[in-house]
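What follows is the content of upload_12.cif, which has mmCIF, C-alpha atoms:
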```cif
data_final
loop_
_atom_site.group_PDB
_atom_site.id
_atom_site.type_symbol
_atom_site.label_atom_id
_atom_site.label_comp_id
_atom_site.auth_asym_id
_atom_site.auth_seq_id
_atom_site.Cartn_x
_atom_site.Cartn_y
_atom_site.Cartn_z
ATOM 1 C CA MET A 526 23.066 -10.765 -20.048
ATOM 2 C CA ALA A 527 22.030 -9.758 -23.584
ATOM 3 C CA ALA A 528 18.618 -8.129 -23.941
ATOM 4 C CA GLY A 529 17.523 -11.031 -26.156
ATOM 5 C CA GLU A 530 18.000 -13.491 -23.302
ATOM 6 C CA ARG A 531 15.494 -11.743 -21.070
ATOM 7 C CA THR A 532 12.030 -13.223 -20.855
ATOM 8 C CA ILE A 533 9.539 -10.403 -21.439
ATOM 9 C CA HIS A 534 6.466 -11.961 -19.843
ATOM 10 C CA ARG A 535 6.273 -14.496 -17.027
ATOM 11 C CA LYS A 536 2.774 -15.554 -16.125
ATOM 12 C CA ALA A 537 1.641 -16.016 -12.545
ATOM 13 C CA GLN A 538 -0.146 -19.097 -11.317
ATOM 14 C CA GLY A 539 -1.365 -18.066 -7.905
ATOM 15 C CA TYR A 540 1.796 -17.071 -6.064
ATOM 16 C CA ARG A 541 4.222 -18.969 -8.276
ATOM 17 C CA TRP A 542 5.756 -17.634 -11.464
ATOM 18 C CA GLU A 543 6.887 -19.191 -14.750
ATOM 19 C CA GLY A 544 10.618 -19.811 -14.789
ATOM 20 C CA VAL A 545 11.119 -18.739 -11.165
ATOM 21 C CA ALA A 546 12.510 -21.338 -8.752
ATOM 22 C CA GLU A 547 10.899 -21.655 -5.336
ATOM 23 C CA LEU A 548 13.700 -21.854 -2.794
ATOM 24 C CA PRO A 549 12.772 -23.427 0.517
ATOM 25 C CA TYR A 550 14.775 -22.275 3.503
ATOM 26 C CA LYS A 551 16.207 -25.109 5.505
ATOM 27 C CA GLU A 552 14.758 -25.358 8.969
ATOM 28 C CA ASP A 553 17.174 -23.830 11.415
ATOM 29 C CA GLY A 554 18.331 -25.384 14.673
ATOM 30 C CA ARG A 555 18.137 -22.047 16.485
ATOM 31 C CA ALA A 556 14.546 -21.612 15.205
ATOM 32 C CA LEU A 557 15.428 -18.236 13.714
ATOM 33 C CA PHE A 558 13.091 -18.917 10.814
ATOM 34 C CA LYS A 559 10.368 -21.443 9.960
ATOM 35 C CA SER A 560 8.256 -22.465 6.958
ATOM 36 C CA ILE A 561 9.343 -19.757 4.561
ATOM 37 C CA THR A 562 10.076 -19.908 0.836
ATOM 38 C CA ARG A 563 11.752 -17.401 -1.467
ATOM 39 C CA GLN A 564 11.313 -16.610 -5.160
ATOM 40 C CA VAL A 565 13.583 -14.116 -6.901
ATOM 41 C CA LEU A 566 11.285 -12.233 -9.292
ATOM 42 C CA PHE A 567 13.731 -9.697 -10.718
ATOM 43 C CA SER A 568 17.530 -9.810 -10.649
ATOM 44 C CA ASP A 569 19.504 -8.468 -13.606
ATOM 45 C CA PRO A 570 22.949 -6.926 -14.148
ATOM 46 C CA GLU A 571 21.194 -3.750 -15.358
ATOM 47 C CA LEU A 572 19.068 -3.450 -12.206
ATOM 48 C CA ARG A 573 20.514 -1.899 -9.042
ATOM 49 C CA GLY A 574 17.655 -3.374 -7.043
ATOM 50 C CA GLU A 575 16.301 -6.908 -6.702
ATOM 51 C CA LEU A 576 12.685 -7.898 -6.120
ATOM 52 C CA ARG A 577 11.978 -11.083 -4.202
ATOM 53 C CA TYR A 578 8.758 -12.765 -3.020
ATOM 54 C CA PHE A 579 8.737 -14.506 0.339
ATOM 55 C CA GLU A 580 5.911 -16.640 1.609
ATOM 56 C CA VAL A 581 5.503 -17.783 5.184
ATOM 57 C CA ALA A 582 3.112 -20.660 5.919
ATOM 58 C CA PRO A 583 0.686 -20.295 8.857
ATOM 59 C CA ASP A 584 2.649 -20.079 12.134
ATOM 60 C CA GLY A 585 5.912 -19.681 10.208
ATOM 61 C CA PHE A 586 8.282 -16.727 10.358
ATOM 62 C CA SER A 587 11.150 -15.111 8.517
ATOM 63 C CA THR A 588 14.654 -14.876 9.927
ATOM 64 C CA LEU A 589 15.128 -12.512 12.850
ATOM 65 C CA GLU A 590 18.046 -10.462 11.537
ATOM 66 C CA ARG A 591 19.502 -7.062 10.836
ATOM 67 C CA HIS A 592 21.877 -5.665 8.199
ATOM 68 C CA GLU A 593 23.180 -2.402 6.776
ATOM 69 C CA HIS A 594 20.964 -2.599 3.690
ATOM 70 C CA MET A 595 17.302 -1.627 3.802
ATOM 71 C CA HIS A 596 14.247 -3.742 3.101
ATOM 72 C CA ALA A 597 11.322 -2.202 1.237
ATOM 73 C CA VAL A 598 8.344 -4.533 1.746
ATOM 74 C CA LEU A 599 4.835 -4.715 0.281
ATOM 75 C CA ILE A 600 2.498 -7.367 1.701
ATOM 76 C CA LEU A 601 1.146 -9.224 -1.330
ATOM 77 C CA ARG A 602 -0.904 -11.927 0.377
ATOM 78 C CA GLY A 603 -2.662 -12.465 3.665
ATOM 79 C CA ARG A 604 -2.095 -10.951 7.080
ATOM 80 C CA GLY A 605 0.279 -11.337 9.991
ATOM 81 C CA HIS A 606 2.569 -9.342 12.242
ATOM 82 C CA CYS A 607 5.990 -7.839 11.885
ATOM 83 C CA LEU A 608 8.693 -6.662 14.219
ATOM 84 C CA VAL A 609 10.785 -3.691 13.067
ATOM 85 C CA GLY A 610 13.120 -2.274 15.701
ATOM 86 C CA ASN A 611 10.974 -1.974 18.829
ATOM 87 C CA GLU A 612 7.689 -1.897 16.943
ATOM 88 C CA VAL A 613 5.308 -4.858 16.628
ATOM 89 C CA ARG A 614 2.601 -4.210 14.044
ATOM 90 C CA PRO A 615 -0.334 -6.104 12.578
ATOM 91 C CA ILE A 616 0.079 -6.105 8.789
ATOM 92 C CA GLU A 617 -2.440 -6.677 6.025
ATOM 93 C CA THR A 618 -2.435 -7.123 2.270
ATOM 94 C CA ARG A 619 -0.743 -4.244 0.411
ATOM 95 C CA ASP A 620 0.601 -2.565 3.562
ATOM 96 C CA LEU A 621 4.112 -1.139 3.176
ATOM 97 C CA VAL A 622 6.891 -1.871 5.672
ATOM 98 C CA THR A 623 10.238 -0.058 5.709
ATOM 99 C CA VAL A 624 13.158 -1.726 7.480
ATOM 100 C CA PRO A 625 15.874 0.911 8.079
ATOM 101 C CA PRO A 626 19.564 -0.021 8.241
ATOM 102 C CA LEU A 627 20.747 -2.137 11.181
ATOM 103 C CA THR A 628 17.239 -2.680 12.531
ATOM 104 C CA TRP A 629 16.091 -6.049 13.897
ATOM 105 C CA HIS A 630 13.102 -7.340 11.942
ATOM 106 C CA GLN A 631 10.947 -10.408 11.449
ATOM 107 C CA PHE A 632 7.684 -11.260 9.650
ATOM 108 C CA ARG A 633 5.259 -13.789 11.143
ATOM 109 C CA ALA A 634 2.155 -15.514 9.729
ATOM 110 C CA THR A 635 0.170 -15.198 12.948
ATOM 111 C CA ARG A 636 -3.350 -15.280 11.489
ATOM 112 C CA GLY A 637 -3.753 -18.892 10.417
ATOM 113 C CA GLU A 638 -3.170 -17.975 6.783
ATOM 114 C CA PRO A 639 -0.096 -17.652 4.553
ATOM 115 C CA LEU A 640 1.724 -14.329 4.665
ATOM 116 C CA GLY A 641 3.357 -13.365 1.362
ATOM 117 C CA PHE A 642 5.415 -10.268 0.777
ATOM 118 C CA LEU A 643 7.509 -8.570 -1.883
ATOM 119 C CA CYS A 644 10.890 -7.310 -0.700
ATOM 120 C CA MET A 645 13.025 -4.870 -2.670
ATOM 121 C CA VAL A 646 16.711 -4.719 -1.751
ATOM 122 C CA ASN A 647 19.894 -3.338 -3.255
ATOM 123 C CA ALA A 648 21.560 -5.862 -5.574
ATOM 124 C CA GLU A 649 24.850 -5.081 -3.799
ATOM 125 C CA ARG A 650 24.295 -5.569 -0.096
ATOM 126 C CA ASP A 651 25.830 -6.864 3.098
ATOM 127 C CA LYS A 652 25.117 -10.200 4.733
ATOM 128 C CA PRO A 653 22.484 -10.371 7.492
ATOM 129 C CA GLN A 654 23.582 -10.456 11.133
ATOM 130 C CA LEU A 655 21.851 -12.929 13.446
ATOM 131 C CA PRO A 656 21.037 -12.050 17.052
ATOM 132 C CA THR A 657 23.337 -13.135 19.842
ATOM 133 C CA ALA A 658 21.882 -14.508 23.077
ATOM 134 C CA GLU A 659 22.344 -11.004 24.507
ATOM 135 C CA ASP A 660 20.483 -9.406 21.584
ATOM 136 C CA LEU A 661 17.605 -11.857 22.062
ATOM 137 C CA ALA A 662 17.474 -11.217 25.807
ATOM 138 C CA ARG A 663 17.360 -7.475 25.166
ATOM 139 C CA LEU A 664 14.501 -7.880 22.686
ATOM 140 C CA GLN A 665 12.581 -10.228 24.982
ATOM 141 C CA ALA A 666 12.824 -7.763 27.846
ATOM 142 C CA ASP A 667 10.040 -5.902 26.035
ATOM 143 C CA GLU A 668 6.878 -7.931 26.797
ATOM 144 C CA ARG A 669 5.273 -6.922 23.498
ATOM 145 C CA ILE A 670 8.279 -8.204 21.555
ATOM 146 C CA ALA A 671 8.513 -11.332 23.727
ATOM 147 C CA ALA A 672 4.871 -12.166 22.923
ATOM 148 C CA PHE A 673 5.544 -11.625 19.215
ATOM 149 C CA LEU A 674 8.554 -13.958 19.355
ATOM 150 C CA ARG A 675 6.333 -16.609 21.017
ATOM 151 C CA ASN A 676 4.017 -16.291 17.995
ATOM 152 C CA ALA A 677 1.362 -14.791 20.268
ATOM 153 C CA PRO A 678 1.305 -11.059 19.469
ATOM 154 C CA GLN A 679 -0.956 -8.970 21.663
ATOM 155 C CA ASN A 680 -3.125 -7.578 18.886
ATOM 156 C CA MET B 126 17.405 11.088 5.731
ATOM 157 C CA ALA B 127 17.982 9.858 9.271
ATOM 158 C CA ALA B 128 16.620 6.411 10.106
ATOM 159 C CA GLY B 129 14.333 7.994 12.685
ATOM 160 C CA GLU B 130 12.556 9.970 9.995
ATOM 161 C CA ARG B 131 11.457 6.868 8.133
ATOM 162 C CA THR B 132 7.902 5.669 8.634
ATOM 163 C CA ILE B 133 8.046 1.971 9.455
ATOM 164 C CA HIS B 134 4.484 1.000 8.548
ATOM 165 C CA ARG B 135 2.172 2.602 6.009
ATOM 166 C CA LYS B 136 -1.260 1.028 5.819
ATOM 167 C CA ALA B 137 -3.031 0.392 2.528
ATOM 168 C CA GLN B 138 -6.583 1.457 1.852
ATOM 169 C CA GLY B 139 -7.408 -0.352 -1.347
ATOM 170 C CA TYR B 140 -4.755 0.840 -3.787
ATOM 171 C CA ARG B 141 -3.839 4.009 -1.930
ATOM 172 C CA TRP B 142 -1.263 4.238 0.834
ATOM 173 C CA GLU B 143 -0.868 6.372 3.955
ATOM 174 C CA GLY B 144 1.456 9.294 3.368
ATOM 175 C CA VAL B 145 1.889 8.568 -0.351
ATOM 176 C CA ALA B 146 0.766 11.266 -2.787
ATOM 177 C CA GLU B 147 -1.240 10.204 -5.820
ATOM 178 C CA LEU B 148 0.217 12.035 -8.796
ATOM 179 C CA PRO B 149 -2.111 12.407 -11.755
ATOM 180 C CA TYR B 150 -0.436 12.632 -15.123
ATOM 181 C CA LYS B 151 -1.664 15.554 -17.170
ATOM 182 C CA GLU B 152 -3.482 14.516 -20.298
ATOM 183 C CA ASP B 153 -1.115 14.809 -23.212
ATOM 184 C CA GLY B 154 -1.856 16.505 -26.530
ATOM 185 C CA ARG B 155 -0.114 13.775 -28.482
ATOM 186 C CA ALA B 156 -2.222 11.176 -26.634
ATOM 187 C CA LEU B 157 0.913 9.310 -25.557
ATOM 188 C CA PHE B 158 -0.741 8.509 -22.255
ATOM 189 C CA LYS B 159 -4.228 8.663 -20.758
ATOM 190 C CA SER B 160 -5.907 8.245 -17.362
ATOM 191 C CA ILE B 161 -2.905 7.095 -15.392
ATOM 192 C CA THR B 162 -1.797 7.932 -11.859
ATOM 193 C CA ARG B 163 1.472 7.309 -10.065
ATOM 194 C CA GLN B 164 2.352 6.680 -6.420
ATOM 195 C CA VAL B 165 5.955 6.424 -5.279
ATOM 196 C CA LEU B 166 5.938 3.656 -2.659
ATOM 197 C CA PHE B 167 9.653 3.455 -1.864
ATOM 198 C CA SER B 168 12.340 6.022 -2.605
ATOM 199 C CA ASP B 169 15.201 6.530 -0.164
ATOM 200 C CA PRO B 170 18.824 7.661 -0.346
ATOM 201 C CA GLU B 171 19.854 4.211 0.941
ATOM 202 C CA LEU B 172 17.939 2.355 -1.784
ATOM 203 C CA ARG B 173 19.448 1.938 -5.257
ATOM 204 C CA GLY B 174 16.028 1.043 -6.623
ATOM 205 C CA GLU B 175 12.653 2.777 -6.464
ATOM 206 C CA LEU B 176 9.254 1.103 -6.308
ATOM 207 C CA ARG B 177 6.297 2.905 -7.834
ATOM 208 C CA TYR B 178 2.628 1.957 -8.314
ATOM 209 C CA PHE B 179 0.869 3.038 -11.489
ATOM 210 C CA GLU B 180 -2.829 2.703 -12.082
ATOM 211 C CA VAL B 181 -4.521 3.047 -15.442
ATOM 212 C CA ALA B 182 -8.301 3.591 -15.539
ATOM 213 C CA PRO B 183 -10.357 1.508 -18.013
ATOM 214 C CA ASP B 184 -9.365 2.410 -21.602
ATOM 215 C CA GLY B 185 -6.382 4.393 -20.328
ATOM 216 C CA PHE B 186 -2.748 3.726 -21.094
ATOM 217 C CA SER B 187 0.762 4.518 -19.904
ATOM 218 C CA THR B 188 3.227 6.561 -21.938
ATOM 219 C CA LEU B 189 4.606 4.889 -25.058
ATOM 220 C CA GLU B 190 8.325 5.353 -24.419
ATOM 221 C CA ARG B 191 11.762 3.801 -24.232
ATOM 222 C CA HIS B 192 14.895 4.478 -22.169
ATOM 223 C CA GLU B 193 18.251 2.997 -21.229
ATOM 224 C CA HIS B 194 17.046 1.898 -17.806
ATOM 225 C CA MET B 195 14.983 -1.240 -17.307
ATOM 226 C CA HIS B 196 11.482 -1.624 -15.933
ATOM 227 C CA ALA B 197 10.681 -4.562 -13.665
ATOM 228 C CA VAL B 198 6.877 -4.810 -13.483
ATOM 229 C CA LEU B 199 4.452 -6.879 -11.401
ATOM 230 C CA ILE B 200 0.747 -6.527 -12.197
ATOM 231 C CA LEU B 201 -0.918 -5.804 -8.865
ATOM 232 C CA ARG B 202 -4.515 -5.242 -9.975
ATOM 233 C CA GLY B 203 -6.746 -6.218 -12.858
ATOM 234 C CA ARG B 204 -5.949 -7.212 -16.412
ATOM 235 C CA GLY B 205 -4.990 -5.556 -19.672
ATOM 236 C CA HIS B 206 -2.388 -5.700 -22.411
ATOM 237 C CA CYS B 207 1.171 -4.553 -22.780
ATOM 238 C CA LEU B 208 3.503 -3.817 -25.650
ATOM 239 C CA VAL B 209 7.194 -4.594 -25.100
ATOM 240 C CA GLY B 210 9.367 -4.306 -28.196
ATOM 241 C CA ASN B 211 7.418 -6.139 -30.904
ATOM 242 C CA GLU B 212 5.402 -8.243 -28.455
ATOM 243 C CA VAL B 213 1.774 -7.557 -27.522
ATOM 244 C CA ARG B 214 0.697 -9.642 -24.530
ATOM 245 C CA PRO B 215 -2.448 -10.060 -22.451
ATOM 246 C CA ILE B 216 -1.467 -9.528 -18.816
ATOM 247 C CA GLU B 217 -3.192 -10.571 -15.606
ATOM 248 C CA THR B 218 -2.819 -9.971 -11.894
ATOM 249 C CA ARG B 219 0.650 -10.897 -10.569
ATOM 250 C CA ASP B 220 2.178 -11.490 -14.018
ATOM 251 C CA LEU B 221 5.749 -10.225 -14.363
ATOM 252 C CA VAL B 222 6.866 -8.015 -17.265
ATOM 253 C CA THR B 223 10.503 -7.187 -18.021
ATOM 254 C CA VAL B 224 11.228 -4.136 -20.171
ATOM 255 C CA PRO B 225 14.841 -4.375 -21.424
ATOM 256 C CA PRO B 226 16.911 -1.256 -22.172
ATOM 257 C CA LEU B 227 15.846 0.924 -25.131
ATOM 258 C CA THR B 228 12.685 -1.069 -25.777
ATOM 259 C CA TRP B 229 9.367 0.611 -26.691
ATOM 260 C CA HIS B 230 6.691 -0.260 -24.159
ATOM 261 C CA GLN B 231 3.187 0.662 -23.069
ATOM 262 C CA PHE B 232 0.561 -0.719 -20.659
ATOM 263 C CA ARG B 233 -3.153 -0.511 -21.525
ATOM 264 C CA ALA B 234 -6.303 -1.162 -19.457
ATOM 265 C CA THR B 235 -8.121 -2.928 -22.291
ATOM 266 C CA ARG B 236 -10.493 -5.076 -20.226
ATOM 267 C CA GLY B 237 -12.966 -2.557 -18.856
ATOM 268 C CA GLU B 238 -11.286 -2.619 -15.452
ATOM 269 C CA PRO B 239 -8.428 -0.695 -13.831
ATOM 270 C CA LEU B 240 -4.933 -1.998 -14.494
ATOM 271 C CA GLY B 241 -2.506 -1.420 -11.623
ATOM 272 C CA PHE B 242 1.146 -2.364 -11.624
ATOM 273 C CA LEU B 243 4.265 -2.080 -9.505
ATOM 274 C CA CYS B 244 7.353 -0.885 -11.354
ATOM 275 C CA MET B 245 10.878 -1.176 -9.969
ATOM 276 C CA VAL B 246 13.509 1.073 -11.546
ATOM 277 C CA ASN B 247 17.014 2.230 -10.729
ATOM 278 C CA ALA B 248 16.978 5.370 -8.591
ATOM 279 C CA GLU B 249 19.588 6.841 -10.973
ATOM 280 C CA ARG B 250 18.203 6.584 -14.461
ATOM 281 C CA ASP B 251 17.931 8.338 -17.803
ATOM 282 C CA LYS B 252 14.901 10.275 -19.038
ATOM 283 C CA PRO B 253 12.377 8.477 -21.262
ATOM 284 C CA GLN B 254 12.469 9.026 -25.010
ATOM 285 C CA LEU B 255 9.155 9.572 -26.811
ATOM 286 C CA PRO B 256 8.507 8.149 -30.251
ATOM 287 C CA THR B 257 8.967 10.300 -33.344
ATOM 288 C CA ALA B 258 6.416 10.148 -36.152
ATOM 289 C CA GLU B 259 8.792 7.720 -37.882
ATOM 290 C CA ASP B 260 9.010 5.517 -34.798
ATOM 291 C CA LEU B 261 5.209 5.410 -34.573
ATOM 292 C CA ALA B 262 4.851 4.592 -38.263
ATOM 293 C CA ARG B 263 7.340 1.771 -37.882
ATOM 294 C CA LEU B 264 5.438 0.349 -34.910
ATOM 295 C CA GLN B 265 2.076 0.691 -36.657
ATOM 296 C CA ALA B 266 3.360 -1.188 -39.696
ATOM 297 C CA ASP B 267 2.872 -4.301 -37.532
ATOM 298 C CA GLU B 268 -0.903 -4.905 -37.558
ATOM 299 C CA ARG B 269 -0.833 -6.488 -34.109
ATOM 300 C CA ILE B 270 0.876 -3.433 -32.660
ATOM 301 C CA ALA B 271 -1.394 -1.063 -34.618
ATOM 302 C CA ALA B 272 -4.470 -2.767 -33.125
ATOM 303 C CA PHE B 273 -2.960 -2.498 -29.632
ATOM 304 C CA LEU B 274 -2.303 1.229 -30.154
ATOM 305 C CA ARG B 275 -5.968 1.650 -31.216
ATOM 306 C CA ASN B 276 -6.924 0.069 -27.863
ATOM 307 C CA ALA B 277 -8.294 -2.948 -29.712
ATOM 308 C CA PRO B 278 -5.724 -5.727 -29.179
ATOM 309 C CA GLN B 279 -6.417 -8.932 -31.067
ATOM 310 C CA ASN B 280 -6.588 -11.224 -28.063
#
```

Output the structure of this file as structure tokens.
Amino acid sequence: MAAGERTIHRKAQGYRWEGVAELPYKEDGRALFKSITRQVLFSDPELRGELRYFEVAPDGFSTLERHEHMHAVLILRGRGHCLVGNEVRPIETRDLVTVPPLTWHQFRATRGEPLGFLCMVNAERDKPQLPTAEDLARLQADERIAAFLRNAPQN
Amino acid sequence: MAAGERTIHRKAQGYRWEGVAELPYKEDGRALFKSITRQVLFSDPELRGELRYFEVAPDGFSTLERHEHMHAVLILRGRGHCLVGNEVRPIETRDLVTVPPLTWHQFRATRGEPLGFLCMVNAERDKPQLPTAEDLARLQADERIAAFLRNAPQN
């Protein structure tokens, strides 16, 4: 991409941006995600990272997944809960969440309001892995995680 | 860094973050920057990008510079103006600004309020170049840019 083709300034209107497509995720039969949209804010051949914005509607959640690449997350809007590894945490606007390699993670809009977050990833990265029935059973064996996955976190 | 050494969740308190140092820039004799602080939010051997938060106090400004690497900016707080190449733009919360390679740029808190922005860069990157007297004269030959550099942008 030539420098001249880059748009210098893209104005925000709320949590949408000029020239940025909003990509709805299809609803998934296994209910691994729900009511989440994605906008790619920065992706460029010169950038080794990408910056995306995800927004989860109330009671929605991101995909429960893991992968070799890391996620570097800043909550931009609202509140909710996240699962990272064995940890369930309440999250609020501007909190930072680090998802290390090969760590199960999910973000949930548990507070009756949208949960929006920025996520920086490597431009070159592996595909996410979805949990097997055994993985899910292992996660649900932890009552705190089970409650989170029922959209009823304990705090 | 082992995965176990990473902190999963760092809470925000306003525009400061747990475990993140706030790095003041020294005031500069050439007045190339003023009243700006930096916090490195994400930097990790596994990440090819870094995410930093810069905050400029009212009437302050970031360094006027250029470099081979790109800047991918999201305004997180307040309003102000930016210069990118020959363009002076008013910027508001959540606007996106792309700084292409080798393009002069500066961010100014021109609205009597702090201007805070996230900036994604490549972890591996070149050092910034500062303007020579000739570079500055060339920029100031454009009245719109000259007004911006006097902290009195025209819109």

Sorted by chain and rising residue number, which residues of region 140-238 of chain B lie within 9 Å of region 593-603 of chain A, and what are their closest atom pairs and distances in Å to one decimal, counting only C-alpha atoms, as a Markdown table?
```
| residue | atom | partner | partner_atom | distance |
| --- | --- | --- | --- | --- |
| B:Leu166 | CA | A:Ala597 | CA | 8.9 |
| B:Phe167 | CA | A:Ala597 | CA | 6.7 |
| B:Glu171 | CA | A:Met595 | CA | 7.0 |
| B:Leu172 | CA | A:Met595 | CA | 6.9 |
| B:Leu176 | CA | A:Ala597 | CA | 8.5 |
| B:Leu201 | CA | A:Leu601 | CA | 8.5 |
```

Suppose we keep C-alpha atoms; can you now write the selection as an mmCIF file, keeping the file's coordinate frame?
```
data_model
loop_
_atom_site.group_PDB
_atom_site.id
_atom_site.type_symbol
_atom_site.label_atom_id
_atom_site.label_comp_id
_atom_site.auth_asym_id
_atom_site.auth_seq_id
_atom_site.Cartn_x
_atom_site.Cartn_y
_atom_site.Cartn_z
ATOM 1 C CA LEU B 166 5.938 3.656 -2.659
ATOM 2 C CA PHE B 167 9.653 3.455 -1.864
ATOM 3 C CA GLU B 171 19.854 4.211 0.941
ATOM 4 C CA LEU B 172 17.939 2.355 -1.784
ATOM 5 C CA LEU B 176 9.254 1.103 -6.308
ATOM 6 C CA LEU B 201 -0.918 -5.804 -8.865
#
```

Name the residues captured by the PyMOL selection byres ((chain A) within 8 of (chain B)) when it is applied to the shown file; answer as a ChimeraX atom specification.
-> /A:528,531-537,539-540,542,566-567,571-576,594-595,597,609,614,616-626,645-647

For the residues in the current selection, export C-alpha atoms as a tab-separated table (two decimals), in the frame of the given file.
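Once written, out_28.tsv looks like this:
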```
chain	number	residue	atom	x	y	z
A	528	ALA	CA	18.62	-8.13	-23.94
A	531	ARG	CA	15.49	-11.74	-21.07
A	532	THR	CA	12.03	-13.22	-20.86
A	533	ILE	CA	9.54	-10.40	-21.44
A	534	HIS	CA	6.47	-11.96	-19.84
A	535	ARG	CA	6.27	-14.50	-17.03
A	536	LYS	CA	2.77	-15.55	-16.12
A	537	ALA	CA	1.64	-16.02	-12.54
A	539	GLY	CA	-1.36	-18.07	-7.90
A	540	TYR	CA	1.80	-17.07	-6.06
A	542	TRP	CA	5.76	-17.63	-11.46
A	566	LEU	CA	11.28	-12.23	-9.29
A	567	PHE	CA	13.73	-9.70	-10.72
A	571	GLU	CA	21.19	-3.75	-15.36
A	572	LEU	CA	19.07	-3.45	-12.21
A	573	ARG	CA	20.51	-1.90	-9.04
A	574	GLY	CA	17.66	-3.37	-7.04
A	575	GLU	CA	16.30	-6.91	-6.70
A	576	LEU	CA	12.68	-7.90	-6.12
A	594	HIS	CA	20.96	-2.60	3.69
A	595	MET	CA	17.30	-1.63	3.80
A	597	ALA	CA	11.32	-2.20	1.24
A	609	VAL	CA	10.78	-3.69	13.07
A	614	ARG	CA	2.60	-4.21	14.04
A	616	ILE	CA	0.08	-6.10	8.79
A	617	GLU	CA	-2.44	-6.68	6.02
A	618	THR	CA	-2.44	-7.12	2.27
A	619	ARG	CA	-0.74	-4.24	0.41
A	620	ASP	CA	0.60	-2.56	3.56
A	621	LEU	CA	4.11	-1.14	3.18
A	622	VAL	CA	6.89	-1.87	5.67
A	623	THR	CA	10.24	-0.06	5.71
A	624	VAL	CA	13.16	-1.73	7.48
A	625	PRO	CA	15.87	0.91	8.08
A	626	PRO	CA	19.56	-0.02	8.24
A	645	MET	CA	13.02	-4.87	-2.67
A	646	VAL	CA	16.71	-4.72	-1.75
A	647	ASN	CA	19.89	-3.34	-3.26
```

Any chance you could resolve the PyMOL selection byres ((chain A and resi 545-550) around 9) against this file and give the residues as a ChimeraX atom specification?
-> /A:535,541-544,551-553,558-566

Coordinates-based distance that separates CA of Gly641 (chain A) from CA of Ala582 (chain A) (Å, one decimal) =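 CA of Ala582 (chain A) sits 8.6 Å away from CA of Gly641 (chain A).
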
Residue members of the PyMOL selection byres ((chain A and resi 673) around 10) in the file shown, as a ChimeraX atom specification | /A:606-608,613-614,631-633,635,665,667-672,674-680

For CA of Gly637 (chain A) and CA of Thr588 (chain A), quote the distance in Å rounded to one decimal.
->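 Going from CA of Gly637 (chain A) over to CA of Thr588 (chain A), I get 18.8 Å.
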
Find the distance between CA of Leu264 (chain B) and CA of Glu190 (chain B) and write it in Å to one decimal.
->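 Straight-line distance from CA of Leu264 (chain B) to CA of Glu190 (chain B) works out to 12.0 Å.
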
For the point (2.4, 2.2, -10.3) in the file's frame, write as a VMD selection string all residues with an atom no more than 7 Å away, counting all atoms listed in the file.
-> chain B and resid 163 to 164 177 to 180 241 to 244

At the level of N, CA and C atoms, write region 187-198 of chain B to a file as a PDB file, in the first residue's frame, please.
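File produced: decode37.pdb:
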```pdb
ATOM      1  N   SER B 187       3.244  16.917  21.706  1.00  0.00           N
ATOM      2  CA  SER B 187       4.205  15.820  21.520  1.00  0.00           C
ATOM      3  C   SER B 187       5.363  16.294  20.647  1.00  0.00           C
ATOM      4  N   THR B 188       6.388  15.471  20.547  1.00  0.00           N
ATOM      5  CA  THR B 188       7.558  15.821  19.746  1.00  0.00           C
ATOM      6  C   THR B 188       7.188  15.937  18.264  1.00  0.00           C
ATOM      7  N   LEU B 189       7.650  16.977  17.632  1.00  0.00           N
ATOM      8  CA  LEU B 189       7.553  17.100  16.170  1.00  0.00           C
ATOM      9  C   LEU B 189       8.666  16.229  15.592  1.00  0.00           C
ATOM     10  N   GLU B 190       8.287  15.165  14.904  1.00  0.00           N
ATOM     11  CA  GLU B 190       9.280  14.175  14.462  1.00  0.00           C
ATOM     12  C   GLU B 190       8.761  13.399  13.266  1.00  0.00           C
ATOM     13  N   ARG B 191       9.657  12.604  12.703  1.00  0.00           N
ATOM     14  CA  ARG B 191       9.270  11.637  11.666  1.00  0.00           C
ATOM     15  C   ARG B 191      10.184  10.418  11.800  1.00  0.00           C
ATOM     16  N   HIS B 192       9.775   9.312  11.206  1.00  0.00           N
ATOM     17  CA  HIS B 192      10.539   8.061  11.294  1.00  0.00           C
ATOM     18  C   HIS B 192       9.971   7.088  10.275  1.00  0.00           C
ATOM     19  N   GLU B 193      10.773   6.041  10.021  1.00  0.00           N
ATOM     20  CA  GLU B 193      10.343   5.025   9.041  1.00  0.00           C
ATOM     21  C   GLU B 193       9.120   4.257   9.534  1.00  0.00           C
ATOM     22  N   HIS B 194       9.043   4.026  10.845  1.00  0.00           N
ATOM     23  CA  HIS B 194       7.926   3.216  11.335  1.00  0.00           C
ATOM     24  C   HIS B 194       6.639   4.040  11.386  1.00  0.00           C
ATOM     25  N   MET B 195       5.525   3.346  11.346  1.00  0.00           N
ATOM     26  CA  MET B 195       4.221   4.010  11.387  1.00  0.00           C
ATOM     27  C   MET B 195       3.734   4.202  12.819  1.00  0.00           C
ATOM     28  N   HIS B 196       2.836   5.159  12.983  1.00  0.00           N
ATOM     29  CA  HIS B 196       2.078   5.302  14.221  1.00  0.00           C
ATOM     30  C   HIS B 196       0.610   5.030  13.919  1.00  0.00           C
ATOM     31  N   ALA B 197      -0.015   4.224  14.754  1.00  0.00           N
ATOM     32  CA  ALA B 197      -1.444   3.955  14.658  1.00  0.00           C
ATOM     33  C   ALA B 197      -2.070   4.476  15.949  1.00  0.00           C
ATOM     34  N   VAL B 198      -2.824   5.575  15.843  1.00  0.00           N
ATOM     35  CA  VAL B 198      -3.252   6.343  17.024  1.00  0.00           C
ATOM     36  C   VAL B 198      -4.766   6.319  17.194  1.00  0.00           C
TER      37      VAL B 198
END
```
